[in-house]
Amino acid sequence: MAQKIGVLALQGAVAEHIRCLQEVGAEAVAVKRTEELNELDGLVIPGGESTTIGKLMRKYGFIEAIQAFHAQGKPLFGTCAGLIVLAKEIENGEEAHLGLMDMTVVRNAFGRQRESFETELDIKGIDEPVRAVFIRAPLIGRVGEGVDVLSVYKDEIVAAREGTLLAASFHPELTDDYRLHAYFVDMVREASQAKANA
Amino acid sequence: MLETGTSRVKRGMAEMQKGGVIMDVMNAEQAKIAEAAGATAVMALERVPSDIRAAGGVARMGDPTILEEVMKVVSIPVMAKARIGHYVEARVLEALGADYIDESEVLTPADDIYHIDKREFTVPFVCGAKDLGEALRRIQEGAAMLRTKGEPGTGNIVEAVRHMRLIMSQIRKVQGLSKDELYHEAKNLAVNYELLLDVHESGKLPVVNFAAGGVATPSDAALMMHLGADGVFVGSGIFKSDSPEKFARAIVEATTHYTDYKLIAEVSKNLGAPMKGIEISKLAPHERMSDRGN
């Protein structure tokens, strides 16, 4: 059976993630209400503006709902703004959103839009480099002990995994390279199987 | 190898704005209010469109200090307007660090024939369009995001509705054409055949298209989303209303949940008066901003 994965649809690049997830064989749906989380095996928090997404998450009860979703062992994948939303700590004292992943993120770390870029990037667990699009991207300044660093760009951490949490500074959803989505769908499948066996 | 200013980086930036509200602000104070209300970006201006209408005369790029002070106080992207065809205003805004440039008919056009060659820039551009031909011509010139022109500063949604409906209906028509008919349609619309073929095959524009020009209430924003907008620009509608903070928050929520009518009802309560509007037929031809640029 295909894994059913939601994409948090409060704001941002939702349709792109849905397309990528479908390309790798998952069933993908947009999520606008907390009750829609119940039927899902995993959730993507897309790129967008983290301040906007964070505010709307608070307003509609998504902070507690996604924390509970995570506590059930269901995987989460955050890209760009989604990575910021997952972090335990945001540099410069801004209030954390979900506060789940043991890392400190630096927002707009590469500068303004004119400094946004794309490049080839090596990712642990993926054979050939991926095309990575960085848009006013954050980076991971510090990671805790349980966090596995998946990718480094110019000495800065840009992708990481902690158990069922996956985060990337860049936007795999803006390319036709679906390998990072396939990686996440594998995580979701493993988590569902682990749960079924328990 | 690192590449900046690619089409993917420019268009991708607009993709990240989808489902969001971009608000016009005239100073740091307003920018903070907009960010706190959940705006996905702000447009830093010297005057909002309704004030430009009232002031008359030539409207130009704003004083750079306004853009600088707004960039200093918010972490969301900051956009700014250059006059149609005014290459140097656009270069100045790029040098200042604006995250997006609006080549805008709200300002008095600097060139009555040519738009800026936007492909030459690292910073991305958004442009207005009334119909599919205009939309695709702007994309040919390098625009990475579009918006309806609407009729800015009127608080009257009718023109934005007209433009969005026309563009969506023209896309549906193009989808249904045969390949040989597409050549003729490309000529009709004065656009590149390859670009039109892309619309024919995908059934959508290759860049994000927001609504702009007349959005004054949460329901206006939701209506534009319903008609197919990817997000909403609000110009005079927020800071010319009775309570900007409340209007800003309400329009953000109505844009996210545009099909949740109970929620829109809830956020529309006790907002006070929206901006005072203008009936379009009361505008003299020279006062119609949407006729500028083609």
# chains A, B, ... in the order shown; residues from 1 in each chain; ligands from 1
$ interface_residues --of "chain A" --to "chain B" --cutoff "7 Å" --atoms "only C-alpha atoms" --output "ChimeraX atom specification"
/A:10-13,47-49,51-52,55,112-120,133,135,174
$ atom_distance --atom1 "atom CA of B:Glu89" --atom2 "atom CA of B:Asn27"
19.5 Å
$ residues_around --residues "A:Glu27" --least-positions-apart "2" --cutoff "9 Å" --atoms "only C-alpha atoms" --output "ChimeraX atom specification"
/A:2-6,18,21-22,25,29
$ select_by_dssp --residues "stretch 93-293 of chain B" --states "strand (DSSP E or B)" --output "MDAnalysis selection string"
chainID B and resid 100:104 125:129 145:148 208:211 232:234
$ atom_distance --atom1 "atom CA of A:Asn108" --atom2 "atom CA of A:Leu139"
7.9 Å
$ residues_around --residues "B:Ala90" --least-positions-apart "5" --cutoff "12 Å" --atoms "only C-alpha atoms" --output "VMD selection string"
chain B and resid 60 to 62 64 79 to 85 95 to 104 110 115 to 118 120 to 126
$ closest_residue --among "B:Leu223, B:Gly272, B:Leu263, B:Arg147" --to "B:Ser243" --atoms "only C-alpha atoms"
B:Gly272
$ residues_around --residues "stretch 197-203 of chain B" --least-positions-apart "6" --cutoff "7 Å" --atoms "only C-alpha atoms" --output "list in words"
Ile171, Arg172, Val174 and Gln175 of chain B
$ residues_around --residues "A:Phe62" --least-positions-apart "2" --cutoff "10 Å" --atoms "only C-alpha atoms" --output "list in words"
Leu8, Lys32, Arg33, Thr34, Glu35, Leu37, Gly54, Lys55, Leu56, Met57, Arg58, Lys59, Tyr60, Glu64, Ala65, Ile66, Gln67, Ala68, Phe69, His97 and Leu98 of chain A
$ select_by_dssp --residues "stretch 27-175 of chain A" --states "helix (DSSP H, G or I)" --output "ChimeraX atom specification"
/A:34-39,50-59,62-71,81-86,113-115,172-174
$ residues_around --residues "A:Pro138" --least-positions-apart "3" --cutoff "6 Å" --atoms "only C-alpha atoms" --output "count of residues only"
5
$ closest_residue --among "A:Leu166, A:Leu121, A:Ala87, A:Ala137" --to "A:Met187" --atoms "only C-alpha atoms"
A:Leu166
$ closest_residue --among "B:Thr65, B:Thr154, B:Asn209, B:Gln140" --to "B:Met275" --atoms "only C-alpha atoms"
B:Thr154
$ decode --residues "stretch 127-141 of chain A" --atoms "all heavy atoms" --output "PDB file, in the first residue's frame"
ATOM      1  N   ASP A 127      23.613   8.540  -3.998  1.00  0.00           N
ATOM      2  CA  ASP A 127      24.841   8.264  -4.743  1.00  0.00           C
ATOM      3  C   ASP A 127      25.461   9.465  -5.445  1.00  0.00           C
ATOM      4  O   ASP A 127      26.554   9.876  -5.151  1.00  0.00           O
ATOM      5  CB  ASP A 127      24.591   7.151  -5.771  1.00  0.00           C
ATOM      6  CG  ASP A 127      24.518   5.798  -5.085  1.00  0.00           C
ATOM      7  OD1 ASP A 127      24.926   5.740  -3.896  1.00  0.00           O
ATOM      8  OD2 ASP A 127      24.061   4.829  -5.703  1.00  0.00           O
ATOM      9  N   GLU A 128      24.730  10.009  -6.416  1.00  0.00           N
ATOM     10  CA  GLU A 128      25.258  11.116  -7.212  1.00  0.00           C
ATOM     11  C   GLU A 128      24.809  12.436  -6.596  1.00  0.00           C
ATOM     12  O   GLU A 128      23.786  12.494  -5.927  1.00  0.00           O
ATOM     13  CB  GLU A 128      24.712  11.012  -8.644  1.00  0.00           C
ATOM     14  CG  GLU A 128      25.102   9.735  -9.363  1.00  0.00           C
ATOM     15  CD  GLU A 128      26.550   9.750  -9.817  1.00  0.00           C
ATOM     16  OE1 GLU A 128      27.004  10.811 -10.294  1.00  0.00           O
ATOM     17  OE2 GLU A 128      27.236   8.718  -9.654  1.00  0.00           O
ATOM     18  N   PRO A 129      25.550  13.544  -6.832  1.00  0.00           N
ATOM     19  CA  PRO A 129      25.141  14.845  -6.278  1.00  0.00           C
ATOM     20  C   PRO A 129      23.741  15.261  -6.762  1.00  0.00           C
ATOM     21  O   PRO A 129      23.327  14.879  -7.861  1.00  0.00           O
ATOM     22  CB  PRO A 129      26.188  15.817  -6.820  1.00  0.00           C
ATOM     23  CG  PRO A 129      27.307  15.003  -7.317  1.00  0.00           C
ATOM     24  CD  PRO A 129      26.783  13.638  -7.615  1.00  0.00           C
ATOM     25  N   VAL A 130      23.039  16.038  -5.958  1.00  0.00           N
ATOM     26  CA  VAL A 130      21.728  16.546  -6.365  1.00  0.00           C
ATOM     27  C   VAL A 130      21.877  18.035  -6.724  1.00  0.00           C
ATOM     28  O   VAL A 130      22.813  18.697  -6.285  1.00  0.00           O
ATOM     29  CB  VAL A 130      20.656  16.417  -5.253  1.00  0.00           C
ATOM     30  CG1 VAL A 130      20.516  14.985  -4.809  1.00  0.00           C
ATOM     31  CG2 VAL A 130      20.965  17.314  -4.081  1.00  0.00           C
ATOM     32  N   ARG A 131      20.950  18.529  -7.566  1.00  0.00           N
ATOM     33  CA  ARG A 131      20.899  19.951  -7.883  1.00  0.00           C
ATOM     34  C   ARG A 131      20.140  20.617  -6.731  1.00  0.00           C
ATOM     35  O   ARG A 131      18.968  20.311  -6.494  1.00  0.00           O
ATOM     36  CB  ARG A 131      20.143  20.166  -9.203  1.00  0.00           C
ATOM     37  CG  ARG A 131      20.263  21.562  -9.752  1.00  0.00           C
ATOM     38  CD  ARG A 131      21.631  21.761 -10.364  1.00  0.00           C
ATOM     39  NE  ARG A 131      21.874  23.158 -10.704  1.00  0.00           N
ATOM     40  CZ  ARG A 131      23.090  23.648 -10.933  1.00  0.00           C
ATOM     41  NH1 ARG A 131      24.150  22.884 -10.844  1.00  0.00           N
ATOM     42  NH2 ARG A 131      23.245  24.906 -11.246  1.00  0.00           N
ATOM     43  N   ALA A 132      20.801  21.520  -6.018  1.00  0.00           N
ATOM     44  CA  ALA A 132      20.171  22.125  -4.839  1.00  0.00           C
ATOM     45  C   ALA A 132      19.936  23.613  -5.060  1.00  0.00           C
ATOM     46  O   ALA A 132      20.852  24.335  -5.450  1.00  0.00           O
ATOM     47  CB  ALA A 132      21.043  21.903  -3.618  1.00  0.00           C
ATOM     48  N   VAL A 133      18.680  24.042  -4.840  1.00  0.00           N
ATOM     49  CA  VAL A 133      18.301  25.443  -5.034  1.00  0.00           C
ATOM     50  C   VAL A 133      18.154  26.097  -3.662  1.00  0.00           C
ATOM     51  O   VAL A 133      17.317  25.690  -2.855  1.00  0.00           O
ATOM     52  CB  VAL A 133      16.962  25.540  -5.803  1.00  0.00           C
ATOM     53  CG1 VAL A 133      16.638  26.990  -6.126  1.00  0.00           C
ATOM     54  CG2 VAL A 133      17.008  24.706  -7.074  1.00  0.00           C
ATOM     55  N   PHE A 134      18.978  27.092  -3.407  1.00  0.00           N
ATOM     56  CA  PHE A 134      18.956  27.802  -2.117  1.00  0.00           C
ATOM     57  C   PHE A 134      18.331  29.176  -2.315  1.00  0.00           C
ATOM     58  O   PHE A 134      18.867  30.000  -3.064  1.00  0.00           O
ATOM     59  CB  PHE A 134      20.377  27.989  -1.574  1.00  0.00           C
ATOM     60  CG  PHE A 134      21.056  26.721  -1.124  1.00  0.00           C
ATOM     61  CD1 PHE A 134      21.667  25.887  -2.041  1.00  0.00           C
ATOM     62  CD2 PHE A 134      21.091  26.378   0.225  1.00  0.00           C
ATOM     63  CE1 PHE A 134      22.309  24.716  -1.621  1.00  0.00           C
ATOM     64  CE2 PHE A 134      21.730  25.219   0.655  1.00  0.00           C
ATOM     65  CZ  PHE A 134      22.339  24.381  -0.273  1.00  0.00           C
ATOM     66  N   ILE A 135      17.203  29.447  -1.655  1.00  0.00           N
ATOM     67  CA  ILE A 135      16.521  30.731  -1.811  1.00  0.00           C
ATOM     68  C   ILE A 135      16.384  31.410  -0.457  1.00  0.00           C
ATOM     69  O   ILE A 135      15.643  30.934   0.401  1.00  0.00           O
ATOM     70  CB  ILE A 135      15.140  30.527  -2.468  1.00  0.00           C
ATOM     71  CG1 ILE A 135      15.348  29.967  -3.878  1.00  0.00           C
ATOM     72  CG2 ILE A 135      14.365  31.831  -2.514  1.00  0.00           C
ATOM     73  CD1 ILE A 135      14.088  29.620  -4.602  1.00  0.00           C
ATOM     74  N   ARG A 136      17.118  32.490  -0.275  1.00  0.00           N
ATOM     75  CA  ARG A 136      17.138  33.173   1.033  1.00  0.00           C
ATOM     76  C   ARG A 136      17.194  32.095   2.122  1.00  0.00           C
ATOM     77  O   ARG A 136      16.458  32.126   3.112  1.00  0.00           O
ATOM     78  CB  ARG A 136      15.879  34.047   1.203  1.00  0.00           C
ATOM     79  CG  ARG A 136      15.884  35.288   0.299  1.00  0.00           C
ATOM     80  CD  ARG A 136      14.555  36.022   0.319  1.00  0.00           C
ATOM     81  NE  ARG A 136      14.047  36.197   1.661  1.00  0.00           N
ATOM     82  CZ  ARG A 136      14.293  37.249   2.428  1.00  0.00           C
ATOM     83  NH1 ARG A 136      15.038  38.220   2.002  1.00  0.00           N
ATOM     84  NH2 ARG A 136      13.786  37.329   3.637  1.00  0.00           N
ATOM     85  N   ALA A 137      18.117  31.176   1.923  1.00  0.00           N
ATOM     86  CA  ALA A 137      18.086  29.937   2.694  1.00  0.00           C
ATOM     87  C   ALA A 137      18.669  30.082   4.096  1.00  0.00           C
ATOM     88  O   ALA A 137      19.565  30.889   4.316  1.00  0.00           O
ATOM     89  CB  ALA A 137      18.850  28.864   1.933  1.00  0.00           C
ATOM     90  N   PRO A 138      18.151  29.253   5.006  1.00  0.00           N
ATOM     91  CA  PRO A 138      18.741  29.173   6.339  1.00  0.00           C
ATOM     92  C   PRO A 138      19.861  28.133   6.315  1.00  0.00           C
ATOM     93  O   PRO A 138      19.951  27.347   5.370  1.00  0.00           O
ATOM     94  CB  PRO A 138      17.586  28.654   7.185  1.00  0.00           C
ATOM     95  CG  PRO A 138      16.815  27.779   6.240  1.00  0.00           C
ATOM     96  CD  PRO A 138      16.969  28.394   4.880  1.00  0.00           C
ATOM     97  N   LEU A 139      20.721  28.118   7.328  1.00  0.00           N
ATOM     98  CA  LEU A 139      21.632  26.994   7.475  1.00  0.00           C
ATOM     99  C   LEU A 139      21.588  26.513   8.920  1.00  0.00           C
ATOM    100  O   LEU A 139      21.028  27.162   9.792  1.00  0.00           O
ATOM    101  CB  LEU A 139      23.052  27.351   7.018  1.00  0.00           C
ATOM    102  CG  LEU A 139      23.786  28.483   7.705  1.00  0.00           C
ATOM    103  CD1 LEU A 139      24.368  28.047   9.032  1.00  0.00           C
ATOM    104  CD2 LEU A 139      24.903  28.969   6.799  1.00  0.00           C
ATOM    105  N   ILE A 140      22.180  25.334   9.123  1.00  0.00           N
ATOM    106  CA  ILE A 140      22.157  24.742  10.453  1.00  0.00           C
ATOM    107  C   ILE A 140      23.484  25.071  11.124  1.00  0.00           C
ATOM    108  O   ILE A 140      24.539  24.602  10.703  1.00  0.00           O
ATOM    109  CB  ILE A 140      21.938  23.216  10.349  1.00  0.00           C
ATOM    110  CG1 ILE A 140      20.658  22.929   9.543  1.00  0.00           C
ATOM    111  CG2 ILE A 140      21.878  22.599  11.743  1.00  0.00           C
ATOM    112  CD1 ILE A 140      20.453  21.458   9.200  1.00  0.00           C
ATOM    113  N   GLY A 141      23.443  25.927  12.129  1.00  0.00           N
ATOM    114  CA  GLY A 141      24.661  26.405  12.772  1.00  0.00           C
ATOM    115  C   GLY A 141      25.228  25.406  13.758  1.00  0.00           C
ATOM    116  O   GLY A 141      26.439  25.285  13.926  1.00  0.00           O
TER     117      GLY A 141
END
